[in-house]
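Structure, as structure tokens:
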Amino acid sequence: MNVVFLGPPGSGKGTMAERVSKRCGLAHISTGDMLRAEIKQGTELGKLAKSYIDQGALVPDGVIIDMMKERFQMDDAKGGVLLDGFPRTVAQAEALDAIIAIDACVNLACDAEVIVDRIISRRVCGKCGAVFSAKHYHADCCDKCGGELVVRPDDNETTVRERFRVYEEQTSPLIDYYEKKGVVQCVDATMPIEEEAELICSLLNQK
Ligand code: AMP
């Protein structure tokens, strides 16, 4: 089964994708994580991506599509994938259709103010990438690996509002795109995390 997660920045896509992919035995593929790994390694792709990410803009379609074509060649992608952060434009969705068939699109719905508040409180482990909310987690190091918790450079309010605008303009048309294929499941992204993961898994199991 191949699944796309859609949702504005801060809808909890990454957290939910990690949980659901483990439970459903799907490979979790996050383009944001892939790009951040390139930035950390200082590659040419990383340098290019950083110039867009820091402004809250999307990395150009051609760059992302090439990166994903390569990713889909890897063995773990053959047994079903959960795509987190890809596709983000109609051009990316069309390119994806030429590579694999999408069985389900989970739309994590969430309103703008909840999002801005969530993102501004987000802390990420600089070592293992685990995500925490400063509202509920008060330590300054990761409880999984002891790494230092940092604020993602693109998690400031100005960039967050720009990312939300870009989402509305370029990514939200994908809801319609997948609606036409009859594969969309809408989920309230403000539910408690465990309940939400449970609900998504049961919706996917009916597929
Ligand atoms: P995320 O971790 O999914 O919020 O992604 C962080 C940033 O990486 C986004 O704001 C974009 O700048 C970039 N990015 C991630 N995925 C894509 C994509 N599919 N297309 C274009 N840019 C992307």
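Naming scheme: A, B, ... for chains in displayed order of the structure tokens; residues 1 onward per chain; ligands 1 onward as shown.
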
Spatial neighbours of Gly7 (chain A), max dist 7 Å, only C-alpha atoms, sep filter under 2 positions, as a count of residues only: 7

In region 8-185 of chain A, DSSP strand (DSSP E) residues written as a ChimeraX atom specification: /A:27-30,81-84,104-109,122-125,131-133,149-150,184-185

Å distance separating CA of Glu179 (chain A) from CA of Cys105 (chain A), one decimal place: 8.6 Å

Every residue of region 79-152 of chain A that DSSP places in alpha helix (DSSP H), as a list in words: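 The alpha helix (DSSP H) residues within region 79-152 of chain A come out as Val90, Ala91, Gln92, Ala93, Glu94, Ala95, Leu96, Asp97, Ala112, Glu113, Val114, Ile115, Val116, Asp117, Arg118, Ile119 and Ile120 of chain A.
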
Could you please take those selected residues and save N, CA and C atoms as a PDB file, in the first residue's frame?
```pdb
ATOM      1  N   VAL A  90       1.052  20.111  -7.677  1.00  0.00           N
ATOM      2  CA  VAL A  90       0.388  19.234  -8.648  1.00  0.00           C
ATOM      3  C   VAL A  90       1.440  18.606  -9.565  1.00  0.00           C
ATOM      4  N   ALA A  91       2.466  19.372  -9.954  1.00  0.00           N
ATOM      5  CA  ALA A  91       3.521  18.816 -10.826  1.00  0.00           C
ATOM      6  C   ALA A  91       4.199  17.625 -10.144  1.00  0.00           C
ATOM      7  N   GLN A  92       4.429  17.725  -8.839  1.00  0.00           N
ATOM      8  CA  GLN A  92       5.055  16.603  -8.111  1.00  0.00           C
ATOM      9  C   GLN A  92       4.104  15.402  -8.069  1.00  0.00           C
ATOM     10  N   ALA A  93       2.813  15.675  -7.876  1.00  0.00           N
ATOM     11  CA  ALA A  93       1.827  14.576  -7.808  1.00  0.00           C
ATOM     12  C   ALA A  93       1.760  13.851  -9.148  1.00  0.00           C
ATOM     13  N   GLU A  94       1.832  14.612 -10.246  1.00  0.00           N
ATOM     14  CA  GLU A  94       1.788  13.984 -11.573  1.00  0.00           C
ATOM     15  C   GLU A  94       3.040  13.133 -11.797  1.00  0.00           C
ATOM     16  N   ALA A  95       4.192  13.658 -11.354  1.00  0.00           N
ATOM     17  CA  ALA A  95       5.442  12.891 -11.496  1.00  0.00           C
ATOM     18  C   ALA A  95       5.359  11.612 -10.654  1.00  0.00           C
ATOM     19  N   LEU A  96       4.763  11.726  -9.474  1.00  0.00           N
ATOM     20  CA  LEU A  96       4.621  10.563  -8.584  1.00  0.00           C
ATOM     21  C   LEU A  96       3.734   9.498  -9.232  1.00  0.00           C
ATOM     22  N   ASP A  97       2.638   9.941  -9.863  1.00  0.00           N
ATOM     23  CA  ASP A  97       1.725   8.999 -10.532  1.00  0.00           C
ATOM     24  C   ASP A  97       2.448   8.157 -11.586  1.00  0.00           C
ATOM     25  N   ALA A 112      -5.119  27.560  11.050  1.00  0.00           N
ATOM     26  CA  ALA A 112      -3.849  28.307  11.002  1.00  0.00           C
ATOM     27  C   ALA A 112      -3.297  28.703  12.364  1.00  0.00           C
ATOM     28  N   GLU A 113      -4.174  29.168  13.276  1.00  0.00           N
ATOM     29  CA  GLU A 113      -3.639  29.660  14.555  1.00  0.00           C
ATOM     30  C   GLU A 113      -3.091  28.521  15.411  1.00  0.00           C
ATOM     31  N   VAL A 114      -3.765  27.355  15.356  1.00  0.00           N
ATOM     32  CA  VAL A 114      -3.275  26.176  16.096  1.00  0.00           C
ATOM     33  C   VAL A 114      -1.882  25.824  15.571  1.00  0.00           C
ATOM     34  N   ILE A 115      -1.736  25.928  14.250  1.00  0.00           N
ATOM     35  CA  ILE A 115      -0.473  25.584  13.593  1.00  0.00           C
ATOM     36  C   ILE A 115       0.663  26.494  14.026  1.00  0.00           C
ATOM     37  N   VAL A 116       0.421  27.795  13.960  1.00  0.00           N
ATOM     38  CA  VAL A 116       1.488  28.746  14.294  1.00  0.00           C
ATOM     39  C   VAL A 116       1.929  28.507  15.738  1.00  0.00           C
ATOM     40  N   ASP A 117       0.977  28.324  16.621  1.00  0.00           N
ATOM     41  CA  ASP A 117       1.269  28.093  18.026  1.00  0.00           C
ATOM     42  C   ASP A 117       2.079  26.796  18.211  1.00  0.00           C
ATOM     43  N   ARG A 118       1.671  25.738  17.507  1.00  0.00           N
ATOM     44  CA  ARG A 118       2.369  24.449  17.601  1.00  0.00           C
ATOM     45  C   ARG A 118       3.801  24.557  17.107  1.00  0.00           C
ATOM     46  N   ILE A 119       3.965  25.214  15.972  1.00  0.00           N
ATOM     47  CA  ILE A 119       5.307  25.245  15.362  1.00  0.00           C
ATOM     48  C   ILE A 119       6.259  26.071  16.203  1.00  0.00           C
ATOM     49  N   ILE A 120       5.752  27.169  16.749  1.00  0.00           N
ATOM     50  CA  ILE A 120       6.642  28.021  17.531  1.00  0.00           C
ATOM     51  C   ILE A 120       7.105  27.303  18.805  1.00  0.00           C
TER      52      ILE A 120
END
```

Within 7 Å of ligand 1, counting only C-alpha atoms and all ligand atoms, residues as a ChimeraX atom specification: /A:9,30-33,35,52-53,56-61,64,84-88,163

File of the preceding selection, all heavy atoms, as a compact mmCIF listing (two decimals), in the first residue's frame:
```
# COMPACT_ATOMS: atom_id res chain seq x y z
N PRO A 9 1.94 22.84 7.35
CA PRO A 9 3.06 22.74 8.29
C PRO A 9 2.50 22.81 9.70
O PRO A 9 1.60 23.62 9.97
CB PRO A 9 3.92 23.97 7.96
CG PRO A 9 3.05 24.87 7.14
CD PRO A 9 2.05 24.01 6.47
N SER A 30 10.25 11.03 4.29
CA SER A 30 9.98 12.45 4.53
C SER A 30 10.96 13.29 3.71
O SER A 30 12.18 13.21 3.92
CB SER A 30 10.16 12.76 6.03
OG SER A 30 10.46 14.14 6.21
N THR A 31 10.44 14.08 2.77
CA THR A 31 11.34 14.90 1.94
C THR A 31 12.01 15.97 2.80
O THR A 31 13.17 16.30 2.58
CB THR A 31 10.59 15.55 0.76
OG1 THR A 31 9.32 16.01 1.22
CG2 THR A 31 10.40 14.60 -0.38
N GLY A 32 11.30 16.50 3.80
CA GLY A 32 11.90 17.50 4.70
C GLY A 32 13.11 16.91 5.41
O GLY A 32 14.18 17.53 5.46
N ASP A 33 12.98 15.68 5.93
CA ASP A 33 14.10 15.02 6.62
C ASP A 33 15.25 14.75 5.65
O ASP A 33 16.43 14.92 6.00
CB ASP A 33 13.66 13.69 7.25
CG ASP A 33 12.82 13.90 8.51
OD1 ASP A 33 12.73 15.04 9.00
OD2 ASP A 33 12.24 12.90 9.00
N LEU A 35 16.00 16.45 2.97
CA LEU A 35 16.67 17.72 2.64
C LEU A 35 17.52 18.21 3.82
O LEU A 35 18.64 18.69 3.63
CB LEU A 35 15.64 18.79 2.25
CG LEU A 35 14.85 18.50 0.96
CD1 LEU A 35 13.70 19.48 0.79
CD2 LEU A 35 15.77 18.55 -0.26
N TYR A 52 16.08 27.89 -0.11
CA TYR A 52 14.61 27.95 -0.21
C TYR A 52 13.96 27.73 1.16
O TYR A 52 13.05 28.45 1.55
CB TYR A 52 14.10 26.88 -1.19
CG TYR A 52 14.49 27.16 -2.63
CD1 TYR A 52 15.64 26.62 -3.18
CD2 TYR A 52 13.72 28.01 -3.42
CE1 TYR A 52 16.01 26.89 -4.49
CE2 TYR A 52 14.06 28.29 -4.73
CZ TYR A 52 15.22 27.73 -5.25
OH TYR A 52 15.58 28.00 -6.54
N ILE A 53 14.44 26.70 1.86
CA ILE A 53 13.82 26.32 3.13
C ILE A 53 13.86 27.48 4.13
O ILE A 53 12.87 27.77 4.81
CB ILE A 53 14.53 25.07 3.73
CG1 ILE A 53 14.26 23.87 2.83
CG2 ILE A 53 14.07 24.80 5.16
CD1 ILE A 53 14.99 22.59 3.24
N GLY A 56 11.05 29.75 3.77
CA GLY A 56 9.70 29.19 3.82
C GLY A 56 9.17 28.86 2.44
O GLY A 56 7.98 28.60 2.27
N ALA A 57 10.07 28.87 1.42
CA ALA A 57 9.63 28.58 0.04
C ALA A 57 9.82 27.10 -0.27
O ALA A 57 10.53 26.40 0.45
CB ALA A 57 10.46 29.42 -0.93
N LEU A 58 9.19 26.64 -1.35
CA LEU A 58 9.37 25.25 -1.76
C LEU A 58 10.63 25.11 -2.60
O LEU A 58 10.96 26.00 -3.39
CB LEU A 58 8.17 24.78 -2.60
CG LEU A 58 6.83 24.63 -1.88
CD1 LEU A 58 5.79 24.05 -2.85
CD2 LEU A 58 6.94 23.76 -0.64
N VAL A 59 11.32 24.00 -2.43
CA VAL A 59 12.47 23.66 -3.27
C VAL A 59 11.89 23.34 -4.66
O VAL A 59 10.80 22.73 -4.75
CB VAL A 59 13.22 22.45 -2.65
CG1 VAL A 59 14.36 22.00 -3.54
CG2 VAL A 59 13.72 22.80 -1.25
N PRO A 60 12.56 23.75 -5.77
CA PRO A 60 11.97 23.55 -7.10
C PRO A 60 11.58 22.09 -7.38
O PRO A 60 12.27 21.16 -6.96
CB PRO A 60 13.08 24.02 -8.06
CG PRO A 60 13.90 24.96 -7.25
CD PRO A 60 13.85 24.47 -5.83
N ASP A 61 10.46 21.95 -8.11
CA ASP A 61 9.91 20.62 -8.41
C ASP A 61 10.94 19.66 -9.00
O ASP A 61 11.03 18.51 -8.58
CB ASP A 61 8.74 20.76 -9.41
CG ASP A 61 7.49 21.30 -8.74
OD1 ASP A 61 7.34 21.13 -7.51
OD2 ASP A 61 6.65 21.89 -9.45
N ILE A 64 13.28 18.14 -6.43
CA ILE A 64 12.59 17.20 -5.55
C ILE A 64 12.24 15.91 -6.30
O ILE A 64 12.44 14.81 -5.79
CB ILE A 64 11.29 17.84 -4.98
CG1 ILE A 64 11.62 19.05 -4.11
CG2 ILE A 64 10.44 16.83 -4.23
CD1 ILE A 64 12.25 18.73 -2.77
N ASP A 84 5.60 11.61 3.40
CA ASP A 84 5.38 12.72 4.34
C ASP A 84 6.06 13.97 3.77
O ASP A 84 7.28 14.06 3.75
CB ASP A 84 5.96 12.25 5.69
CG ASP A 84 6.29 13.37 6.67
OD1 ASP A 84 5.84 14.50 6.46
OD2 ASP A 84 7.01 13.07 7.64
N GLY A 85 5.25 14.90 3.25
CA GLY A 85 5.82 16.13 2.69
C GLY A 85 6.04 16.06 1.19
O GLY A 85 6.58 16.99 0.60
N PHE A 86 5.62 14.98 0.57
CA PHE A 86 5.71 14.81 -0.88
C PHE A 86 4.50 14.02 -1.34
O PHE A 86 4.20 13.01 -0.71
CB PHE A 86 6.99 14.06 -1.26
CG PHE A 86 7.10 13.77 -2.74
CD1 PHE A 86 7.59 14.73 -3.60
CD2 PHE A 86 6.70 12.53 -3.25
CE1 PHE A 86 7.70 14.46 -4.96
CE2 PHE A 86 6.79 12.27 -4.62
CZ PHE A 86 7.30 13.24 -5.47
N PRO A 87 3.79 14.44 -2.38
CA PRO A 87 4.02 15.62 -3.20
C PRO A 87 3.53 16.89 -2.51
O PRO A 87 2.70 16.84 -1.61
CB PRO A 87 3.17 15.34 -4.44
CG PRO A 87 2.06 14.46 -3.95
CD PRO A 87 2.64 13.63 -2.85
N ARG A 88 4.06 18.04 -2.96
CA ARG A 88 3.64 19.32 -2.41
C ARG A 88 3.09 20.24 -3.49
O ARG A 88 2.66 21.36 -3.18
CB ARG A 88 4.82 19.99 -1.73
CG ARG A 88 4.79 19.90 -0.20
CD ARG A 88 5.99 20.63 0.32
NE ARG A 88 5.90 21.07 1.68
CZ ARG A 88 6.43 20.42 2.72
NH1 ARG A 88 6.98 19.26 2.55
NH2 ARG A 88 6.37 20.96 3.93
N ARG A 163 5.22 29.71 5.12
CA ARG A 163 5.05 28.29 4.77
C ARG A 163 3.57 27.95 4.69
O ARG A 163 3.15 27.17 3.83
CB ARG A 163 5.74 27.39 5.80
CG ARG A 163 7.24 27.32 5.56
CD ARG A 163 8.00 26.88 6.79
NE ARG A 163 7.69 25.55 7.24
CZ ARG A 163 7.89 25.11 8.49
NH1 ARG A 163 8.41 25.91 9.40
NH2 ARG A 163 7.59 23.89 8.82
```
